[in-house]
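S.K.: model_39.pdb (PDB, C-alpha atoms) pasted underneath:
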```pdb
MODEL        1
ATOM      1  CA  MET M   1      11.220  13.022  16.650
ATOM      2  CA  THR M   2      10.770  15.934  14.223
ATOM      3  CA  THR M   3       8.272  15.867  11.389
ATOM      4  CA  THR M   4      11.131  15.394   8.909
ATOM      5  CA  ALA M   5      12.777  12.490  10.771
ATOM      6  CA  GLY M   6      12.034   8.790  10.468
ATOM      7  CA  LYS M   7      10.639   6.990   7.439
ATOM      8  CA  SER M   8       7.769   7.644   5.044
ATOM      9  CA  PHE M   9       5.980   6.210   2.032
ATOM     10  CA  PHE M  10       5.290   8.236  -1.096
ATOM     11  CA  ILE M  11       2.425   6.761  -3.122
ATOM     12  CA  ASP M  12       2.044   8.258  -6.592
ATOM     13  CA  GLN M  13      -1.520   7.384  -7.500
ATOM     14  CA  THR M  14      -1.052   8.688 -11.047
ATOM     15  CA  ARG M  15       1.034   5.559 -11.711
ATOM     16  CA  CYS M  16      -1.225   2.986 -10.049
ATOM     17  CA  THR M  17      -2.814   0.421 -12.406
ATOM     18  CA  ALA M  18      -4.668  -1.487  -9.663
ATOM     19  CA  CYS M  19      -2.661  -4.637 -10.292
ATOM     20  CA  ARG M  20      -3.055  -5.271  -6.544
ATOM     21  CA  ALA M  21       0.458  -6.700  -6.218
ATOM     22  CA  CYS M  22       0.845  -4.598  -3.047
ATOM     23  CA  GLN M  23      -2.364  -6.025  -1.604
ATOM     24  CA  VAL M  24      -1.254  -9.598  -2.283
ATOM     25  CA  ALA M  25       2.289  -8.983  -1.012
ATOM     26  CA  CYS M  26       0.913  -7.679   2.281
ATOM     27  CA  LYS M  27      -1.195 -10.820   2.697
ATOM     28  CA  GLN M  28       1.700 -13.092   1.864
ATOM     29  CA  TRP M  29       4.278 -11.422   4.108
ATOM     30  CA  LYS M  30       1.883 -11.212   7.048
ATOM     31  CA  GLN M  31       0.631 -14.769   6.365
ATOM     32  CA  LEU M  32      -2.960 -13.562   6.436
ATOM     33  CA  PRO M  33      -5.760 -15.718   5.026
ATOM     34  CA  ALA M  34      -7.877 -14.841   2.018
ATOM     35  CA  VAL M  35     -11.276 -13.347   2.762
ATOM     36  CA  GLU M  36     -14.416 -14.901   1.330
ATOM     37  CA  THR M  37     -16.182 -12.248  -0.733
ATOM     38  CA  ALA M  38     -19.085 -11.824  -3.143
ATOM     39  CA  ASN M  39     -19.574  -9.790  -6.313
ATOM     40  CA  THR M  40     -20.499  -6.258  -5.235
ATOM     41  CA  GLY M  41     -20.581  -4.730  -8.710
ATOM     42  CA  SER M  42     -16.999  -3.487  -8.484
ATOM     43  CA  TYR M  43     -13.610  -4.906  -9.399
ATOM     44  CA  GLN M  44     -12.495  -3.949  -5.880
ATOM     45  CA  ASN M  45     -12.124  -7.052  -3.777
ATOM     46  CA  PRO M  46     -12.547  -7.436  -0.840
ATOM     47  CA  PRO M  47     -14.933  -4.514  -0.347
ATOM     48  CA  ASP M  48     -13.128  -3.064   2.677
ATOM     49  CA  LEU M  49     -10.279  -3.421   5.139
ATOM     50  CA  ASP M  50     -10.871  -6.080   7.788
ATOM     51  CA  GLY M  51      -9.119  -8.129  10.453
ATOM     52  CA  ASP M  52      -7.244 -10.100   7.777
ATOM     53  CA  THR M  53      -6.816  -7.344   5.166
ATOM     54  CA  LEU M  54      -4.412  -4.557   6.107
ATOM     55  CA  LYS M  55      -3.999  -3.106   2.608
ATOM     56  CA  ILE M  56      -6.609  -2.740  -0.107
ATOM     57  CA  VAL M  57      -6.709  -1.132  -3.533
ATOM     58  CA  ARG M  58      -9.923   0.850  -3.816
ATOM     59  CA  PHE M  59     -11.594   1.397  -7.215
ATOM     60  CA  HIS M  60     -13.675   4.454  -8.092
ATOM     61  CA  GLU M  61     -15.255   5.378 -11.423
ATOM     62  CA  VAL M  62     -15.436   9.145 -12.016
ATOM     63  CA  GLU M  63     -15.735  11.731 -14.775
ATOM     64  CA  ASP M  64     -13.103  14.417 -15.103
ATOM     65  CA  ALA M  65     -13.754  18.103 -15.835
ATOM     66  CA  ASN M  66     -14.105  17.277 -19.549
ATOM     67  CA  GLY M  67     -16.685  14.565 -18.953
ATOM     68  CA  ILE M  68     -14.191  11.809 -19.703
ATOM     69  CA  PHE M  69     -14.542   8.541 -17.770
ATOM     70  CA  ARG M  70     -11.664   7.832 -15.372
ATOM     71  CA  TRP M  71     -10.653   5.064 -13.028
ATOM     72  CA  LEU M  72      -9.127   6.249  -9.748
ATOM     73  CA  PHE M  73      -7.146   3.644  -7.825
ATOM     74  CA  PHE M  74      -6.318   4.142  -4.153
ATOM     75  CA  PRO M  75      -3.898   1.655  -2.493
ATOM     76  CA  GLU M  76      -5.089   2.272   1.063
ATOM     77  CA  GLN M  77      -3.241   1.493   4.288
ATOM     78  CA  CYS M  78      -2.603   3.044   7.687
ATOM     79  CA  ARG M  79      -1.160   6.553   7.260
ATOM     80  CA  HIS M  80       1.193   6.278  10.292
ATOM     81  CA  CYS M  81       0.262   9.742  11.537
ATOM     82  CA  VAL M  82       3.084  11.929  12.806
ATOM     83  CA  ASP M  83       0.930  12.556  15.907
ATOM     84  CA  PRO M  84      -1.337   9.478  15.910
ATOM     85  CA  PRO M  85      -4.794  10.109  17.452
ATOM     86  CA  CYS M  86      -5.326   6.354  17.902
ATOM     87  CA  LYS M  87      -2.278   6.199  20.180
ATOM     88  CA  MET M  88      -3.423   9.260  22.121
ATOM     89  CA  GLN M  89      -6.751   7.549  22.716
ATOM     90  CA  ALA M  90      -5.117   4.243  23.701
ATOM     91  CA  ASP M  91      -2.630   5.951  26.038
ATOM     92  CA  MET M  92      -5.499   6.940  28.317
ATOM     93  CA  TYR M  93      -5.831   3.253  29.193
ATOM     94  CA  ASP M  94      -2.545   1.495  28.413
ATOM     95  CA  ARG M  95       0.523   3.286  27.071
ATOM     96  CA  SER M  96       1.999  -0.014  25.884
ATOM     97  CA  ALA M  97      -0.952  -0.995  23.667
ATOM     98  CA  ILE M  98       0.008   1.224  20.733
ATOM     99  CA  ARG M  99       3.602   2.299  20.329
ATOM    100  CA  GLN M 100       5.370   4.653  17.955
ATOM    101  CA  ASP M 101       8.783   3.487  16.837
ATOM    102  CA  ASP M 102      11.499   5.944  17.810
ATOM    103  CA  VAL M 103      13.552   5.310  14.661
ATOM    104  CA  THR M 104      10.987   5.064  11.862
ATOM    105  CA  GLY M 105       7.937   6.778  13.362
ATOM    106  CA  ALA M 106       5.828   3.698  12.550
ATOM    107  CA  VAL M 107       2.651   3.349  14.601
ATOM    108  CA  VAL M 108       2.508  -0.268  15.786
ATOM    109  CA  TYR M 109      -0.379  -2.079  17.488
ATOM    110  CA  THR M 110       0.572  -4.703  20.088
ATOM    111  CA  GLU M 111      -1.219  -7.693  21.621
ATOM    112  CA  ALA M 112      -2.369  -5.383  24.407
ATOM    113  CA  THR M 113      -4.838  -3.707  22.017
ATOM    114  CA  ARG M 114      -7.254  -6.587  22.656
ATOM    115  CA  LYS M 115      -8.051  -4.896  25.975
ATOM    116  CA  LEU M 116      -8.950  -1.574  24.345
ATOM    117  CA  ASP M 117     -12.397  -0.431  23.246
ATOM    118  CA  TYR M 118     -12.326  -1.131  19.512
ATOM    119  CA  GLU M 119     -14.895   1.505  18.591
ATOM    120  CA  GLU M 120     -13.023   4.194  20.541
ATOM    121  CA  ILE M 121      -9.786   3.445  18.715
ATOM    122  CA  ARG M 122     -11.405   3.192  15.294
ATOM    123  CA  THR M 123     -13.358   6.414  15.764
ATOM    124  CA  ALA M 124     -10.215   8.237  16.903
ATOM    125  CA  CYS M 125      -8.612   7.558  13.518
ATOM    126  CA  PRO M 126      -9.460  10.315  11.005
ATOM    127  CA  TYR M 127      -8.891   7.806   8.177
ATOM    128  CA  ASP M 128     -11.074   4.954   9.551
ATOM    129  CA  ILE M 129      -8.220   2.437   9.444
ATOM    130  CA  PRO M 130      -8.135   0.242  12.591
ATOM    131  CA  ARG M 131      -9.887  -3.110  12.396
ATOM    132  CA  LYS M 132     -10.334  -5.988  14.839
ATOM    133  CA  ASN M 133      -9.157  -9.526  14.179
ATOM    134  CA  GLU M 134     -12.112 -11.561  15.355
ATOM    135  CA  ARG M 135     -10.044 -14.686  16.038
ATOM    136  CA  SER M 136      -7.496 -13.036  18.343
ATOM    137  CA  GLY M 137      -9.386  -9.947  19.497
ATOM    138  CA  VAL M 138      -6.293  -7.849  18.661
ATOM    139  CA  LEU M 139      -6.698  -4.556  16.812
ATOM    140  CA  VAL M 140      -4.788  -4.590  13.534
ATOM    141  CA  LYS M 141      -3.489  -2.406  10.718
ATOM    142  CA  CYS M 142      -0.349  -1.906   8.621
ATOM    143  CA  ASP M 143       2.776  -1.756  10.806
ATOM    144  CA  MET M 144       5.088  -0.369   8.071
ATOM    145  CA  CYS M 145       6.560  -3.888   7.759
ATOM    146  CA  SER M 146       8.663  -2.989  10.792
ATOM    147  CA  ASP M 147      10.342  -6.401  10.805
ATOM    148  CA  ARG M 148      11.541  -5.943   7.224
ATOM    149  CA  VAL M 149      12.554  -2.300   7.666
ATOM    150  CA  ALA M 150      14.603  -3.184  10.764
ATOM    151  CA  GLU M 151      16.666  -5.498   8.522
ATOM    152  CA  GLY M 152      17.199  -2.844   5.867
ATOM    153  CA  LEU M 153      14.494  -4.204   3.546
ATOM    154  CA  LEU M 154      11.655  -2.364   1.861
ATOM    155  CA  PRO M 155       8.075  -2.926   3.032
ATOM    156  CA  ALA M 156       6.579  -5.869   1.114
ATOM    157  CA  CYS M 157       4.091  -3.678  -0.782
ATOM    158  CA  VAL M 158       6.815  -1.291  -1.993
ATOM    159  CA  LYS M 159       9.160  -4.115  -2.961
ATOM    160  CA  THR M 160       6.431  -5.727  -5.075
ATOM    161  CA  CYS M 161       5.026  -2.649  -6.875
ATOM    162  CA  PRO M 162       5.869  -2.951 -10.614
ATOM    163  CA  THR M 163       4.770   0.520 -11.761
ATOM    164  CA  GLY M 164       6.714   2.969  -9.600
ATOM    165  CA  THR M 165       3.611   3.891  -7.627
ATOM    166  CA  MET M 166       5.060   3.073  -4.211
ATOM    167  CA  HIS M 167       8.236   4.493  -2.696
ATOM    168  CA  PHE M 168       9.738   4.246   0.791
ATOM    169  CA  GLY M 169      12.685   5.827   2.528
ATOM    170  CA  ASP M 170      13.841   8.590   4.835
ATOM    171  CA  ARG M 171      11.003  11.050   5.374
ATOM    172  CA  ALA M 172      12.904  14.098   4.151
ATOM    173  CA  GLU M 173      13.810  12.232   0.964
ATOM    174  CA  MET M 174      10.204  11.124   0.388
ATOM    175  CA  LEU M 175       8.870  14.643   0.935
ATOM    176  CA  THR M 176      11.331  15.988  -1.634
ATOM    177  CA  LEU M 177      10.384  13.259  -4.112
ATOM    178  CA  ALA M 178       6.682  13.916  -3.542
ATOM    179  CA  GLU M 179       7.018  17.666  -4.086
ATOM    180  CA  LYS M 180       9.030  17.125  -7.269
ATOM    181  CA  ARG M 181       6.462  14.719  -8.680
ATOM    182  CA  LEU M 182       3.594  17.014  -7.650
ATOM    183  CA  ALA M 183       5.136  19.865  -9.645
ATOM    184  CA  GLU M 184       5.321  17.601 -12.706
ATOM    185  CA  VAL M 185       1.720  16.434 -12.391
ATOM    186  CA  ARG M 186       0.411  19.974 -11.888
ATOM    187  CA  ARG M 187       1.549  20.919 -15.373
ATOM    188  CA  THR M 188      -1.477  19.029 -16.686
ATOM    189  CA  GLN M 189      -3.513  18.572 -13.497
ATOM    190  CA  PRO M 190      -3.298  21.895 -11.618
ATOM    191  CA  GLN M 191      -5.690  20.685  -8.908
ATOM    192  CA  ALA M 192      -3.341  17.870  -7.823
ATOM    193  CA  ILE M 193      -2.347  17.764  -4.143
ATOM    194  CA  LEU M 194      -0.324  15.779  -1.625
ATOM    195  CA  ALA M 195      -2.898  14.484   0.851
ATOM    196  CA  ASP M 196      -2.200  15.645   4.433
ATOM    197  CA  ALA M 197       1.537  15.423   3.766
ATOM    198  CA  ALA M 198       2.542  17.354   6.895
ATOM    199  CA  ASP M 199       0.528  15.093   9.190
ATOM    200  CA  VAL M 200       1.151  11.561   7.923
ATOM    201  CA  ARG M 201       3.969   9.225   6.918
ATOM    202  CA  VAL M 202       2.070   7.764   3.967
ATOM    203  CA  ILE M 203       1.986  10.610   1.468
ATOM    204  CA  TYR M 204      -0.520  10.187  -1.366
ATOM    205  CA  LEU M 205      -0.398  12.180  -4.591
ATOM    206  CA  CYS M 206      -3.978  12.830  -5.732
ATOM    207  CA  GLU M 207      -4.366  14.239  -9.232
ATOM    208  CA  MET M 208      -8.080  14.892  -8.661
ATOM    209  CA  ASP M 209     -10.281  15.913  -5.730
ATOM    210  CA  PRO M 210      -9.318  13.583  -2.825
ATOM    211  CA  ALA M 211     -12.991  12.890  -2.080
ATOM    212  CA  LEU M 212     -13.268  11.174  -5.472
ATOM    213  CA  TYR M 213     -10.779   8.525  -4.343
ATOM    214  CA  HIS M 214     -12.433   7.744  -1.007
ATOM    215  CA  LYS M 215     -14.405   9.556   1.685
ATOM    216  CA  PHE M 216     -11.481   9.098   4.108
ATOM    217  CA  MET M 217      -8.741  10.019   1.625
ATOM    218  CA  VAL M 218      -7.918  13.085   3.723
ATOM    219  CA  ALA M 219      -8.722  13.831   7.349
ATOM    220  CA  GLY M 220     -11.217  16.558   6.466
ATOM    221  CA  ALA M 221     -13.266  14.266   4.193
ATOM    222  CA  LYS M 222     -15.302  12.655   6.944
ATOM    223  CA  LEU M 223     -18.717  11.412   7.893
ATOM    224  CA  PRO M 224     -20.853  14.098   9.590
ATOM    225  CA  ALA M 225     -20.505  12.389  12.982
ATOM    226  CA  ARG M 226     -16.688  12.486  12.852
ATOM    227  CA  MET M 227     -14.483  15.280  14.098
ATOM    228  CA  THR M 228     -11.706  16.970  12.169
ATOM    229  CA  ARG M 229      -8.117  16.122  13.079
ATOM    230  CA  GLN M 230      -7.764  19.444  14.931
ATOM    231  CA  GLU M 231     -10.981  18.923  16.930
ATOM    232  CA  LEU M 232     -10.003  15.360  17.744
ATOM    233  CA  LEU M 233      -6.488  16.257  18.899
ATOM    234  CA  ALA M 234      -7.811  19.157  20.972
ATOM    235  CA  GLY M 235     -10.285  16.870  22.704
ATOM    236  CA  LEU M 236      -7.714  14.179  23.409
ATOM    237  CA  LEU M 237      -5.189  16.634  24.800
ATOM    238  CA  ARG M 238      -7.666  18.583  26.960
ATOM    239  CA  PRO M 239      -7.346  16.258  30.032
ATOM    240  CA  PHE M 240      -3.558  16.591  29.959
ATOM    241  CA  LYS M 241      -3.650  20.401  29.686
ATOM    242  CA  ALA M 242      -5.671  20.500  32.877
ATOM    243  CA  LEU M 243      -2.916  18.744  34.853
TER     244      LEU M 243
ENDMDL
END
```
Take the structure from the file and write it as structure tokens.
M.R.:
Amino acid sequence: MTTTAGKSFFIDQTRCTACRACQVACKQWKQLPAVETANTGSYQNPPDLDGDTLKIVRFHEVEDANGIFRWLFFPEQCRHCVDPPCKMQADMYDRSAIRQDDVTGAVVYTEATRKLDYEEIRTACPYDIPRKNERSGVLVKCDMCSDRVAEGLLPACVKTCPTGTMHFGDRAEMLTLAEKRLAEVRRTQPQAILADAADVRVIYLCEMDPALYHKFMVAGAKLPARMTRQELLAGLLRPFKAL
């Protein structure tokens, strides 16, 4: 599959109002239970992804270049990497545990992930996405609503979004839409970017520095102990190059 084939999301964060309709729709479609939480001093709730929360809207308070207070909202989910490091890691043990759909490019975790080392898979992800469902032991994340997409339906989060933040369709179409919108936003926000657009199938438009949205907004914004995408891919592929 080429990097322009398959499906992709385009998420225009300039239009997000943090209504969290996407977060709720994901829970409802996947029939996932609510998570008991506590007040952490933020409107964000729950505080992070977990075994029952595959999509979350993150809240960050920042000041722009003019010292004006801004809310940044980040509807986070698995990025469905074009070349998924989590699958490369899993393939060393069981090539059936994580599969990549031939038609859409979706990265899908199966029941066989319960046999994988959770920390290895989570650390392999440059966006810190995989989580473990403690009841089943299965590793979980967004699966691009593969069941809906197979029937010609939009992913639940996209279908529910009321503000035009979320889009889904053929990858080439989404890339074109993203580039067009980026050009519009750059008229007033010249620093705006498309986060890792060449590497992922969930393309985020950031009007400010990606690190202001979240430390894992882009693959390069990482904890000191984590490798870059290029370092990680090189390390995972090294055993195969020796064959």
S.K.: Counting only C-alpha atoms, I want the residues whose atoms come within 10 Å of (2.3, -1.6, 22.3) in the file frame, returned as an MDAnalysis selection string.
M.R.: chainID M and resid 87 90:91 94:101 107:113
S.K.: Could you tell me which residues the PyMOL selection byres ((chain M and resi 42) around 10) grabs in this file, written as a ChimeraX atom specification?
M.R.: /M:39-41,43-47,58-61
S.K.: Show me the residues around (6.8, -3.0, 4.5) - criterion: an atom at most 12 Å away, only C-alpha atoms counted - as a PyMOL selection string.
M.R.: chain M and resi 7-9+22-23+25-30+54-55+77-78+104+106+142-161+166-169+202
S.K.: What would the selection look like, as a list in words, if the PyMOL selection byres ((chain M and resi 132) around 9) were run on the coordinates I just shared?
M.R.: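 Answer for the PyMOL selection byres ((chain M and resi 132) around 9): Asp50, Gly51, Asp52, Arg114, Tyr118, Pro130, Arg131, Asn133, Glu134, Arg135, Ser136, Gly137, Val138, Leu139, Val140 and Lys141 of chain M.
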S.K.: Pick the closest to Phe74 of chain M from M:Gln31, M:Thr123, M:Thr165, M:Thr4: which is it, counting all atoms listed in the file?
M.R.: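 For Phe74 of chain M, the nearest of the candidates is M:Thr165.
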S.K.: Go through M:Met92, M:Leu205, M:Ala21, M:Val82 and flag the residue nearest Ile121 of chain M, using all atoms listed in the file for the distances.
M.R.: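 Closest to Ile121 of chain M of all the choices is M:Met92.
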S.K.: May I ask for the distance between atom CA of Ala34 of chain M and atom CA of Arg20 of chain M, given in Å to one decimal place?
M.R.: 13.7 Å
S.K.: Between atom CA of Glu207 of chain M and atom CA of Pro75 of chain M, what is the spacing in Å?
M.R.: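 If I compute the distance from atom CA of Pro75 of chain M to atom CA of Glu207 of chain M, I get 14.3 Å.
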S.K.: When distances are computed from only C-alpha atoms, which of M:Ile68, M:Val200, M:Leu194, M:Ala124 shows the smallest separation from Gly105 of chain M?
M.R.: M:Val200
S.K.: Could you check which of M:Ile129, M:Met208, M:Gly220, M:Val35 is closest to Gln189 of chain M, using all atoms listed in the file?
M.R.: M:Met208
S.K.: Work out how far apart atom CA of Leu212 of chain M and atom CA of Ala198 of chain M are and give it in Å to one decimal.
M.R.: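 That distance, rounded to one decimal, is 21.0 Å.
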